[in-house]
Amino acid sequence: MWDVSKEMRTSSLSHIAYLTSLVIHFRLHTFINVGVSMIKIQALEFQYPSGEFRLSIDEFSITKGSKVAVIGPSGSGKTTLLNLIAGIMTPLKGAVGVGDIQVSGLDDRERRDFRITNIGFVFQDFELLDYLNVLDNILHPFRITGALTLDREVRARAVALAQEMGIGDKLKRNSNDLSHGEKQRVAICRALLPLPKLILADEATGNLDPENKGLILDLLFQSVEDHDATLLAVTHDYELLKRFDRVVDFEEFHQGEAA
Amino acid sequence: MIDSLYIAWKYISYNKIKTATLVACITLISFLPLSLQLLLVESERQLMSRAVSTPLVVGAKGSSLDLVMNTLYFDDEVPELITVDASNRVMETDLALPIPIYARFQARGNPIVGTTLDYFDFRGLKIAQGRQLAVLGDCVLGAKVAETLGLKPGDSLVSSPETLFDLAGVYPLKMKVVGVLEKSHTSDDLAVFVDLKTAWVIQGLGHGHEDVTKLRDPTLVLKRTEKNVAATAKLYHHTEITEENIDSFHFHGDLAQYPITAVIALPSDEKSGTILRGRYLSREETQQIVRPQDVIDGLLQNIFRIKNVLDAVISVVALATILAVLLVFALSLRLRQREIQTIFKLGCRRATIARLLTAEIFIIVIMSAVFCGAMIFLINQFSNDLVRMLFIR
């Protein structure tokens, strides 16, 4: 298990200083766990075409069914890592595997289909569509792809999921009329409805008050356990880290590199 | 595709003002040229059908268009007057049957057409209710006039003075409605038909009053001689022709010199028509004879020349509207970049994103087409009346 107390001491100043760093190099041998891998990254190299930011990961894996937190300062590449795993971005070199699928080897259309059927993405800003009501937002992934089929069973599951999340009575409400906590629950429902193997949460609790943060994490963890999924969550909420099975720290690695 | 249409519909119904503006723009720019074309075709049909069925018109020299428009469509613009002599002149040629027309006065906004019974036979007008003109003061209403004014045989209709302050001019005459014509879908539906003499009574050329030879009130007599009695303005003139006073109505002077606006000449054959036209070619001639078909043809050519200009203007406006609509879609696309990015992150295919946006355009175009179609349908339903209201009368 990762030493959480060390993370808590990380100052914000060091985070800001870290933003100036141009090259991030990962060696995560120490984090490799024994068990069936859900995510497996090897010799990954990534660089944005327009920037000098570079991400390099020798080896990184996450066990199936685990709940892993990724921490680190802004600009360190946490979101980039999630995007590479989801196939939103493609690496320059190396391999990204999710379950049995080599994501980095798929073409654009296959990556999109892979994403919508295997990945549940929870965004920091919820990314709900303001012109759809709660139920339509939850069902949205099924309406924008031919890879998923929207049928009666899916609709029933959406309603049941919303009830589990405590928003069952707000299905017909417009997403603009919801509180922050309720919006995030809708976003989680949308991510979970296709029964993804892997849930990627990008600062899913970032905009919430402390009470809602705990509640949303409870719901997320419960759903992950219920559906036998794996969770990889980028977060800045250090007080929540103890609840994760593992914590991956970009900063710790950076300090190690500097030393 | 149904899912794309569903999402597009949700987006469209959420952004009501934007959608309404786009639909209104596309609807109007489609509706304008189509409706204009429809009305022009209908006006051409109406103008030409009546012009073709009226072989020749005789009137005073001047604007042939005013003459034809007044004689055929009872237009407000009254041509220079001619006399009954013009009708007699046609009759004397034995080349054509003359039908005198005196379309000068109005009753509650509808033209009063003084004519003879031949006119009804010529136009094929049938009485739907009541009877034909028989007595001085009778009037027969066009179907639309009766419908609009809510009049039926037995009611009365008062003629309007030519101008509001025309105290010494035309006296209002209370006419008796004796019949209503069947609908003909022509200008005849909008006219009030009277006998020529009734029209002259409206003008004041014929009148009825007490017998001046039996007047006892000395203030009514201006001058009395053995043969003649001149009455003062105090003498009461009848404003309604009744069974009791009809015998007091009379006309002064030679009726052949009484005014009319035109004569419809119905030649017995084409040759007679040509010969008759030849009689009016002299340079000293004070009258003209015209073929309404030629006059209306010239008018239509002018109208279509104007329509070509209008078409060009509408094309430019349409181009500007299409560019504005494209700009709105482009701006909308930019505003929706975040949404597009979100559905991309969720795993939406490129083709699906394009389909979502196409579905939105499709729905807006379909809505515009439905509105445009409904408006065109309405215009088509009422094109007959609209053309007469806008272009003819």
# chains A, B, ... in the order shown; residues from 1 in each chain; ligands from 1
>>> interface_residues(of="chain B", to="chain A", cutoff="12 Å", atoms="only C-alpha atoms", output="ChimeraX atom specification")
/B:1-16,336-357
>>> atom_distance(atom1="CA of Phe251 (chain B)", atom2="CA of Thr198 (chain B)")
10.8 Å
>>> atom_distance(atom1="CA of Val370 (chain B)", atom2="CA of Thr27 (chain B)")
8.6 Å
>>> residues_around(residues="Val194 (chain B)", least_positions_apart="2", cutoff="8 Å", atoms="only C-alpha atoms", output="VMD selection string")
chain B and resid 112 to 115 133 137 to 140 192 196 198 to 199
>>> residues_around(residues="region 277-294 of chain B", least_positions_apart="4", cutoff="6 Å", atoms="only C-alpha atoms", output="list in words")
Ala51, Val52, Leu56, Val57, Val58, Gly59, Ala60 and Lys61 of chain B
>>> residues_around(residues="region 327-330 of chain B", least_positions_apart="2", cutoff="10 Å", atoms="only C-alpha atoms", output="VMD selection string")
chain B and resid 18 22 321 to 325 332 to 336 357 360 to 361
>>> write_last_selection(atoms="C-alpha atoms", output="PDB file, in the first residue's frame")
ATOM      1  CA  LYS B  18     -32.630  30.269 -32.177  1.00  0.00           C
ATOM      2  CA  LEU B  22     -33.852  29.994 -38.286  1.00  0.00           C
ATOM      3  CA  THR B 321     -30.178  34.580 -45.725  1.00  0.00           C
ATOM      4  CA  ILE B 322     -28.472  31.294 -46.602  1.00  0.00           C
ATOM      5  CA  LEU B 323     -25.095  32.799 -45.649  1.00  0.00           C
ATOM      6  CA  ALA B 324     -26.594  34.089 -42.382  1.00  0.00           C
ATOM      7  CA  VAL B 325     -28.086  30.657 -41.665  1.00  0.00           C
ATOM      8  CA  SER B 332     -23.634  27.106 -33.077  1.00  0.00           C
ATOM      9  CA  LEU B 333     -21.033  24.462 -33.912  1.00  0.00           C
ATOM     10  CA  ARG B 334     -18.377  26.527 -32.200  1.00  0.00           C
ATOM     11  CA  LEU B 335     -20.593  26.984 -29.135  1.00  0.00           C
ATOM     12  CA  ARG B 336     -21.147  23.237 -29.080  1.00  0.00           C
ATOM     13  CA  LEU B 357     -25.675  17.997 -36.747  1.00  0.00           C
ATOM     14  CA  GLU B 360     -30.652  19.248 -36.588  1.00  0.00           C
ATOM     15  CA  ILE B 361     -30.456  20.952 -39.994  1.00  0.00           C
TER      16      ILE B 361
END
